[in-house]
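Source file: coords08.cif. Holds: mmCIF, C-alpha atoms.
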data_my_file
#
loop_
_atom_site.label_atom_id
_atom_site.label_comp_id
_atom_site.auth_asym_id
_atom_site.auth_seq_id
_atom_site.Cartn_x
_atom_site.Cartn_y
_atom_site.Cartn_z
CA MET A 1 44.76 90.50 99.20
CA THR A 2 46.37 93.83 100.10
CA ALA A 3 49.07 92.03 102.07
CA LEU A 4 49.66 89.63 99.17
CA LEU A 5 50.05 92.48 96.69
CA SER A 6 52.37 94.34 99.05
CA ASP A 7 54.51 91.26 99.70
CA THR A 8 54.63 90.43 95.98
CA ALA A 9 55.75 93.97 95.14
CA LEU A 10 58.42 93.75 97.84
CA VAL A 11 59.82 90.45 96.52
CA PHE A 12 59.55 91.63 92.91
CA GLY A 13 61.47 94.80 93.77
CA ARG A 14 64.24 92.84 95.46
CA TYR A 15 64.86 90.58 92.47
CA ALA A 16 64.29 93.34 89.93
CA ARG A 17 67.06 95.40 91.54
CA GLN A 18 69.36 92.40 91.34
CA THR A 19 68.59 92.06 87.64
CA LEU A 20 69.09 95.75 86.89
CA ARG A 21 72.55 95.57 88.46
CA SER A 22 73.48 92.88 85.93
CA ARG A 23 73.19 94.23 82.40
CA PHE A 24 75.06 91.14 81.26
CA GLN A 25 72.10 89.00 82.35
CA ILE A 26 69.66 91.17 80.42
CA LEU A 27 71.61 91.04 77.16
CA PHE A 28 73.01 87.52 77.35
CA GLY A 29 69.58 85.90 77.64
CA VAL A 30 68.55 87.15 74.21
CA LEU A 31 71.83 86.15 72.55
CA MET A 32 70.87 82.63 71.41
CA PRO A 33 67.53 83.60 69.79
CA LEU A 34 69.29 86.57 68.20
CA LEU A 35 71.90 84.26 66.66
CA TYR A 36 69.13 82.09 65.27
CA LEU A 37 67.52 85.21 63.86
CA LEU A 38 70.72 86.46 62.21
CA PHE A 39 72.14 83.20 60.88
CA PHE A 40 69.13 80.90 60.47
CA GLY A 41 66.45 83.37 59.42
CA PRO A 42 68.00 84.32 56.05
CA LEU A 43 68.15 80.63 55.08
CA LEU A 44 64.33 80.45 55.21
CA THR A 45 63.64 83.52 53.06
CA GLY A 46 61.40 82.60 50.18
CA LEU A 47 60.97 78.96 51.19
CA PRO A 48 57.44 77.46 51.41
CA LEU A 49 56.96 76.75 55.11
CA GLY A 50 53.48 75.31 55.00
CA GLY A 51 51.64 78.15 56.70
CA ALA A 52 50.34 81.68 56.34
CA GLY A 53 52.79 84.55 56.33
CA ASP A 54 56.39 84.85 55.21
CA SER A 55 59.42 83.20 56.78
CA TRP A 56 59.93 85.96 59.35
CA GLN A 57 56.32 85.65 60.54
CA VAL A 58 56.99 81.95 61.07
CA LEU A 59 60.43 82.14 62.65
CA VAL A 60 60.12 85.14 65.00
CA PRO A 61 57.11 83.81 67.01
CA GLY A 62 59.00 80.56 67.52
CA LEU A 63 62.09 82.41 68.72
CA LEU A 64 60.02 84.45 71.16
CA LEU A 65 58.63 81.35 72.80
CA GLN A 66 62.03 79.67 72.67
CA LEU A 67 63.30 82.62 74.68
CA ALA A 68 60.54 82.12 77.25
CA LEU A 69 60.94 78.34 77.29
CA PHE A 70 64.64 78.24 78.10
CA GLY A 71 64.76 81.43 80.14
CA ALA A 72 61.94 80.33 82.45
CA LEU A 73 62.86 76.67 82.79
CA PHE A 74 66.38 77.46 83.95
CA ALA A 75 65.24 80.20 86.36
CA GLY A 76 65.27 77.71 89.23
CA PHE A 77 69.06 77.71 89.33
CA SER A 78 68.84 80.93 91.36
CA VAL A 79 66.86 79.16 94.10
CA ILE A 80 69.50 76.42 94.30
CA VAL A 81 72.16 79.10 94.79
CA GLU A 82 70.01 80.80 97.44
CA LYS A 83 69.57 77.48 99.25
CA GLN A 84 73.33 76.99 99.34
CA LEU A 85 73.89 80.54 100.61
CA GLY A 86 71.22 80.25 103.31
CA VAL A 87 68.89 82.85 101.78
CA VAL A 88 65.97 80.41 101.64
CA GLU A 89 66.46 79.52 105.31
CA ARG A 90 66.27 83.19 106.29
CA MET A 91 63.12 83.69 104.22
CA ARG A 92 61.43 80.82 106.05
CA VAL A 93 61.29 82.83 109.27
CA THR A 94 59.75 85.93 107.69
CA PRO A 95 55.98 86.62 107.71
CA VAL A 96 55.94 87.18 103.93
CA SER A 97 53.29 85.19 102.07
CA ARG A 98 54.70 82.04 100.44
CA LEU A 99 52.61 82.78 97.36
CA ALA A 100 54.19 86.24 97.20
CA LEU A 101 57.66 84.69 97.35
CA LEU A 102 56.77 82.75 94.21
CA LEU A 103 54.85 85.50 92.40
CA GLY A 104 57.53 88.11 93.02
CA ARG A 105 60.13 85.87 91.42
CA VAL A 106 58.09 84.80 88.38
CA LEU A 107 56.86 88.32 87.67
CA ARG A 108 60.47 89.53 87.67
CA ASP A 109 61.30 86.74 85.22
CA ALA A 110 58.33 87.68 83.03
CA ALA A 111 59.36 91.34 82.95
CA LEU A 112 62.95 90.41 82.04
CA LEU A 113 61.96 88.02 79.25
CA VAL A 114 59.41 90.44 77.78
CA LEU A 115 62.15 93.07 77.67
CA GLN A 116 64.40 90.61 75.86
CA ALA A 117 61.52 89.74 73.52
CA VAL A 118 61.14 93.43 72.64
CA LEU A 119 64.84 93.59 71.75
CA LEU A 120 64.48 90.48 69.60
CA VAL A 121 61.47 91.86 67.71
CA LEU A 122 63.26 95.16 67.10
CA ALA A 123 66.17 93.26 65.57
CA ALA A 124 63.72 91.21 63.47
CA LEU A 125 62.08 94.39 62.17
CA LEU A 126 65.46 95.56 60.93
CA MET A 127 65.92 92.26 59.11
CA GLY A 128 62.57 92.37 57.34
CA LEU A 129 59.82 91.27 59.72
CA ARG A 130 56.45 92.82 58.99
CA ALA A 131 53.61 92.04 61.38
CA PRO A 132 50.55 93.88 62.75
CA LEU A 133 51.12 95.71 66.03
CA ALA A 134 48.31 93.78 67.71
CA GLY A 135 49.95 90.50 66.75
CA VAL A 136 53.31 91.63 68.11
CA LEU A 137 51.70 92.67 71.41
CA ILE A 138 49.89 89.34 71.62
CA GLY A 139 53.25 87.65 71.22
CA PHE A 140 54.62 89.56 74.21
CA VAL A 141 51.62 88.51 76.30
CA PHE A 142 52.24 84.86 75.46
CA VAL A 143 55.91 85.26 76.40
CA ALA A 144 54.88 86.66 79.79
CA VAL A 145 52.27 83.98 80.46
CA LEU A 146 54.55 81.12 79.42
CA THR A 147 57.32 82.53 81.60
CA VAL A 148 55.07 82.68 84.65
CA ALA A 149 53.96 79.07 84.08
CA LEU A 150 57.37 77.53 83.45
CA ALA A 151 59.26 79.58 86.02
CA SER A 152 56.76 78.44 88.68
CA LEU A 153 57.53 74.81 87.85
CA SER A 154 61.25 75.53 87.68
CA TYR A 155 61.33 77.08 91.16
CA ALA A 156 59.25 74.21 92.53
CA LEU A 157 61.67 71.67 91.12
CA ALA A 158 64.64 73.64 92.44
CA LEU A 159 63.24 73.40 95.97
CA LYS A 160 62.86 69.64 95.60
CA VAL A 161 66.31 68.76 94.26
CA GLY A 162 69.53 68.98 96.22
CA SER A 163 72.05 70.23 93.69
CA PRO A 164 72.52 71.76 90.21
CA GLN A 165 73.70 68.33 89.03
CA GLU A 166 70.17 67.01 89.58
CA PHE A 167 68.37 70.12 88.35
CA GLY A 168 70.15 70.57 85.01
CA PRO A 169 69.50 67.11 83.50
CA ALA A 170 65.86 67.22 84.61
CA ILE A 171 65.33 70.55 82.86
CA ASN A 172 67.13 69.39 79.71
CA ALA A 173 64.91 66.32 79.61
CA VAL A 174 61.91 68.66 79.35
CA SER A 175 63.26 71.55 77.30
CA MET A 176 64.82 69.73 74.36
CA PRO A 177 61.82 67.52 73.43
CA SER A 178 59.55 70.53 73.95
CA MET A 179 61.60 72.62 71.54
CA LEU A 180 61.77 69.89 68.90
CA LEU A 181 58.11 68.84 69.08
CA SER A 182 56.43 72.23 69.44
CA GLY A 183 57.50 73.58 66.04
CA LEU A 184 59.50 76.46 67.48
CA MET A 185 61.92 76.61 64.57
CA LEU A 186 59.71 75.33 61.74
CA PRO A 187 55.96 74.61 61.56
CA MET A 188 55.00 71.03 62.36
CA ALA A 189 53.01 71.06 59.12
CA LEU A 190 56.34 70.23 57.46
CA ALA A 191 56.81 67.14 59.65
CA PRO A 192 55.81 63.55 58.80
CA GLY A 193 52.30 62.62 59.86
CA TRP A 194 53.32 60.61 62.92
CA LEU A 195 55.52 63.44 64.20
CA ASP A 196 52.77 65.99 63.65
CA VAL A 197 50.35 63.83 65.66
CA LEU A 198 52.91 63.43 68.45
CA SER A 199 53.43 67.19 68.62
CA HIS A 200 49.78 67.71 69.56
CA PHE A 201 50.59 66.21 72.97
CA VAL A 202 53.09 69.01 73.63
CA PRO A 203 51.29 72.03 75.15
CA PHE A 204 53.79 74.54 73.76
CA ARG A 205 52.77 73.76 70.19
CA TYR A 206 49.41 75.46 70.72
CA LEU A 207 51.10 78.61 72.03
CA VAL A 208 53.46 78.72 69.05
CA ASP A 209 50.59 78.32 66.59
CA ALA A 210 48.64 81.07 68.37
CA VAL A 211 51.48 83.59 68.20
CA ARG A 212 52.08 82.78 64.53
CA ALA A 213 48.38 83.35 63.89
CA GLY A 214 48.64 86.73 65.61
CA TYR A 215 51.62 87.69 63.46
CA VAL A 216 49.50 87.26 60.31
CA GLY A 217 46.48 89.05 61.76
CA ASP A 218 44.35 86.00 62.56
CA TYR A 219 42.98 86.86 66.00
CA ALA A 220 39.72 84.89 66.01
CA GLY A 221 40.72 81.54 64.54
CA THR A 222 40.96 78.16 66.24
CA ALA A 223 44.75 78.46 66.60
CA MET A 224 44.39 81.57 68.76
CA LEU A 225 41.55 80.04 70.80
CA HIS A 226 43.46 76.83 71.48
CA GLY A 227 46.58 78.78 72.35
CA VAL A 228 44.80 81.01 74.85
CA LEU A 229 43.03 78.07 76.53
CA MET A 230 46.25 76.08 76.77
CA ALA A 231 48.18 79.07 78.15
CA VAL A 232 45.55 79.72 80.83
CA ALA A 233 45.36 76.06 81.83
CA LEU A 234 49.13 75.65 81.92
CA THR A 235 49.57 78.78 84.03
CA ALA A 236 46.83 77.80 86.50
CA VAL A 237 48.28 74.34 87.03
CA SER A 238 51.88 75.54 87.25
CA VAL A 239 51.24 78.36 89.73
CA THR A 240 49.14 76.01 91.88
CA VAL A 241 51.91 73.40 91.93
CA GLY A 242 54.57 76.03 92.60
CA THR A 243 52.59 77.57 95.45
CA ARG A 244 52.03 74.22 97.15
CA VAL A 245 55.71 73.36 96.95
CA PHE A 246 56.70 76.77 98.36
CA ARG A 247 54.25 76.38 101.25
CA LYS A 248 55.37 72.84 102.11
CA ALA A 249 59.02 73.86 101.91
CA GLY A 250 58.35 76.93 104.01
CA ALA A 251 60.30 78.90 101.43
#
Could you render the structure as structure tokens?
Amino acid sequence: MTALLSDTALVFGRYARQTLRSRFQILFGVLMPLLYLLFFGPLLTGLPLGGAGDSWQVLVPGLLLQLALFGALFAGFSVIVEKQLGVVERMRVTPVSRLALLLGRVLRDAALLVLQAVLLVLAALLMGLRAPLAGVLIGFVFVAVLTVALASLSYALALKVGSPQEFGPAINAVSMPSMLLSGLMLPMALAPGWLDVLSHFVPFRYLVDAVRAGYVGDYAGTAMLHGVLMAVALTAVSVTVGTRVFRKAGA
């Protein structure tokens, strides 16, 4: 365990330093959710959105998880670049734990996306968001957990495919339906019955509902319980799959 923690910290530090040298990466990742916040958020003000809380308490949780969804799913592009540059080959001959090679990466991604989530919430507060501090912190936790889960799968897929031309379409095939069916932009309570039923088969819906519940101060309801259980299950499965792929690939 001590060796695993040491190796994870070493890998995390390597990728964290890379990120800190690129301020463009830090700021650009939050640009799309910020544009939604600035140009889409005011359109919802005062509209009945079929749930508790005002329009900002509905929109901002969705944007936070949208940030995690797209940021984590596309994280695997960096592994494809490393494969082409021979970095992965050099890592294969090191004694570093394969699990640490995965955890160091995904924890860096989680730290980056939580930082971007903080910037997004600060901008939302300026525009009129009002939410309990505990709910806001819960939202950050869900961003971190979702990032760890999806980044693990993204890196695993990146090790399996041979080029960005294969990776990109596969990720788009997952990300777009997930965004549309999880109620990221608007609650699925507004959707037709058949679409609402279909959305219950998308795991991300439960996380979105949980964060929205936190933003209105509902910490003990079924939405929060289902969201926590789904987040834990998704993370456990994803990290397990990612670890097995890393070990088999010797990456």
Which residues, named as in the file, does the PyMOL selection byres ((chain A and resi 159) around 12) pick out? Answer as a PyMOL selection string. chain A and resi 75-84+88-89+102+152-158+160-164+166-167+242-251
Pairwise distance for atom CA of Ala236 of chain A and atom CA of Val143 of chain A, rounded to one decimal in Å: 15.5 Å
Please enumerate the residues selected by the PyMOL selection byres ((chain A and resi 108) around 12) when evaluated against the supplied file, formatted as a PyMOL selection string. chain A and resi 8-20+26+71-72+75+100-107+109-115+144+147-148+151-152
I'd like the interatomic distance between atom CA of Leu67 of chain A and atom CA of Gly139 of chain A, to a tenth of an Å. 11.8 Å
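Counting from atom CA of Leu133 of chain A, the distance to atom CA of Ala231 of chain A is 20.8 Å.
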Give the answer as one residue: which of A:Ala233, A:Val211, A:Pro132, A:Met185 has the shortest atom-to-atom distance to Leu44 of chain A, using all atoms listed in the file?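 Nearest to Leu44 of chain A: A:Met185.
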Evaluate the PyMOL selection byres ((chain A and resi 38-40) around 12) here and jot the selected residues down as a PyMOL selection string. chain A and resi 31-37+41-45+55-56+59-60+63+120+123-128+185-186
Could you pull the residues within 12 Å of segment 191-201 of chain A, counting all atoms listed in the file, minus those fewer than 2 positions along the same chain, as a PyMOL selection string? chain A and resi 49-50+177-189+203-209+226-227+230
Of A:Val202, A:Leu27, A:Ala220, A:Leu119, the one nearest to Gly135 of chain A when counting all atoms listed in the file is A:Ala220
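Using all atoms listed in the file for every distance, the candidate list A:Val174, A:Arg23, A:Leu146, A:Met1 yields A:Leu146 as the residue closest to Leu65 of chain A.
Counting only C-alpha atoms, the residue from A:Met224, A:Ala117, A:Leu122, A:Thr2 that sits nearest to Gly62 of chain A is A:Ala117.
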From the list A:Val96, A:Ala68, A:Leu4, A:Val228, the nearest residue to Phe140 of chain A using only C-alpha atoms is A:Ala68
Using all atoms listed in the file, which of the listed residues (A:Leu137, A:Leu69, A:Leu64, A:Val58) sits closest to Asn172 of chain A?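 Looking at the shortest contact to Asn172 of chain A, the residue is A:Leu69.
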Output segment 200-212 of chain A with N, CA, C and O atoms present, as a PDB file, in the frame of the given file.
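The result, written out as part.pdb:
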ATOM      1  N   HIS A 200      51.012  67.206  68.952  1.00  0.00           N
ATOM      2  CA  HIS A 200      49.780  67.710  69.560  1.00  0.00           C
ATOM      3  C   HIS A 200      49.688  67.378  71.052  1.00  0.00           C
ATOM      4  O   HIS A 200      48.826  67.918  71.746  1.00  0.00           O
ATOM      5  N   PHE A 201      50.559  66.509  71.545  1.00  0.00           N
ATOM      6  CA  PHE A 201      50.590  66.210  72.970  1.00  0.00           C
ATOM      7  C   PHE A 201      51.545  67.126  73.729  1.00  0.00           C
ATOM      8  O   PHE A 201      51.699  66.986  74.945  1.00  0.00           O
ATOM      9  N   VAL A 202      52.179  68.042  73.013  1.00  0.00           N
ATOM     10  CA  VAL A 202      53.090  69.010  73.630  1.00  0.00           C
ATOM     11  C   VAL A 202      52.349  70.334  73.770  1.00  0.00           C
ATOM     12  O   VAL A 202      51.985  70.952  72.759  1.00  0.00           O
ATOM     13  N   PRO A 203      52.097  70.818  74.968  1.00  0.00           N
ATOM     14  CA  PRO A 203      51.290  72.030  75.150  1.00  0.00           C
ATOM     15  C   PRO A 203      51.856  73.252  74.434  1.00  0.00           C
ATOM     16  O   PRO A 203      51.093  74.102  73.962  1.00  0.00           O
ATOM     17  N   PHE A 204      53.181  73.341  74.324  1.00  0.00           N
ATOM     18  CA  PHE A 204      53.790  74.540  73.760  1.00  0.00           C
ATOM     19  C   PHE A 204      53.456  74.715  72.283  1.00  0.00           C
ATOM     20  O   PHE A 204      53.514  75.824  71.764  1.00  0.00           O
ATOM     21  N   ARG A 205      53.114  73.640  71.600  1.00  0.00           N
ATOM     22  CA  ARG A 205      52.770  73.760  70.190  1.00  0.00           C
ATOM     23  C   ARG A 205      51.600  74.721  69.989  1.00  0.00           C
ATOM     24  O   ARG A 205      51.585  75.522  69.055  1.00  0.00           O
ATOM     25  N   TYR A 206      50.608  74.638  70.871  1.00  0.00           N
ATOM     26  CA  TYR A 206      49.410  75.460  70.720  1.00  0.00           C
ATOM     27  C   TYR A 206      49.739  76.944  70.934  1.00  0.00           C
ATOM     28  O   TYR A 206      49.152  77.815  70.290  1.00  0.00           O
ATOM     29  N   LEU A 207      50.689  77.216  71.811  1.00  0.00           N
ATOM     30  CA  LEU A 207      51.100  78.610  72.030  1.00  0.00           C
ATOM     31  C   LEU A 207      51.852  79.142  70.818  1.00  0.00           C
ATOM     32  O   LEU A 207      51.644  80.282  70.402  1.00  0.00           O
ATOM     33  N   VAL A 208      52.712  78.306  70.248  1.00  0.00           N
ATOM     34  CA  VAL A 208      53.460  78.720  69.050  1.00  0.00           C
ATOM     35  C   VAL A 208      52.510  79.011  67.905  1.00  0.00           C
ATOM     36  O   VAL A 208      52.628  80.030  67.212  1.00  0.00           O
ATOM     37  N   ASP A 209      51.554  78.115  67.686  1.00  0.00           N
ATOM     38  CA  ASP A 209      50.590  78.320  66.590  1.00  0.00           C
ATOM     39  C   ASP A 209      49.774  79.586  66.817  1.00  0.00           C
ATOM     40  O   ASP A 209      49.448  80.304  65.860  1.00  0.00           O
ATOM     41  N   ALA A 210      49.440  79.878  68.074  1.00  0.00           N
ATOM     42  CA  ALA A 210      48.640  81.070  68.370  1.00  0.00           C
ATOM     43  C   ALA A 210      49.421  82.343  68.069  1.00  0.00           C
ATOM     44  O   ALA A 210      48.884  83.293  67.477  1.00  0.00           O
ATOM     45  N   VAL A 211      50.686  82.392  68.461  1.00  0.00           N
ATOM     46  CA  VAL A 211      51.480  83.590  68.200  1.00  0.00           C
ATOM     47  C   VAL A 211      51.701  83.771  66.708  1.00  0.00           C
ATOM     48  O   VAL A 211      51.646  84.895  66.191  1.00  0.00           O
ATOM     49  N   ARG A 212      51.925  82.683  65.989  1.00  0.00           N
ATOM     50  CA  ARG A 212      52.080  82.780  64.530  1.00  0.00           C
ATOM     51  C   ARG A 212      50.791  83.282  63.882  1.00  0.00           C
ATOM     52  O   ARG A 212      50.827  84.056  62.924  1.00  0.00           O
TER      53      ARG A 212
END
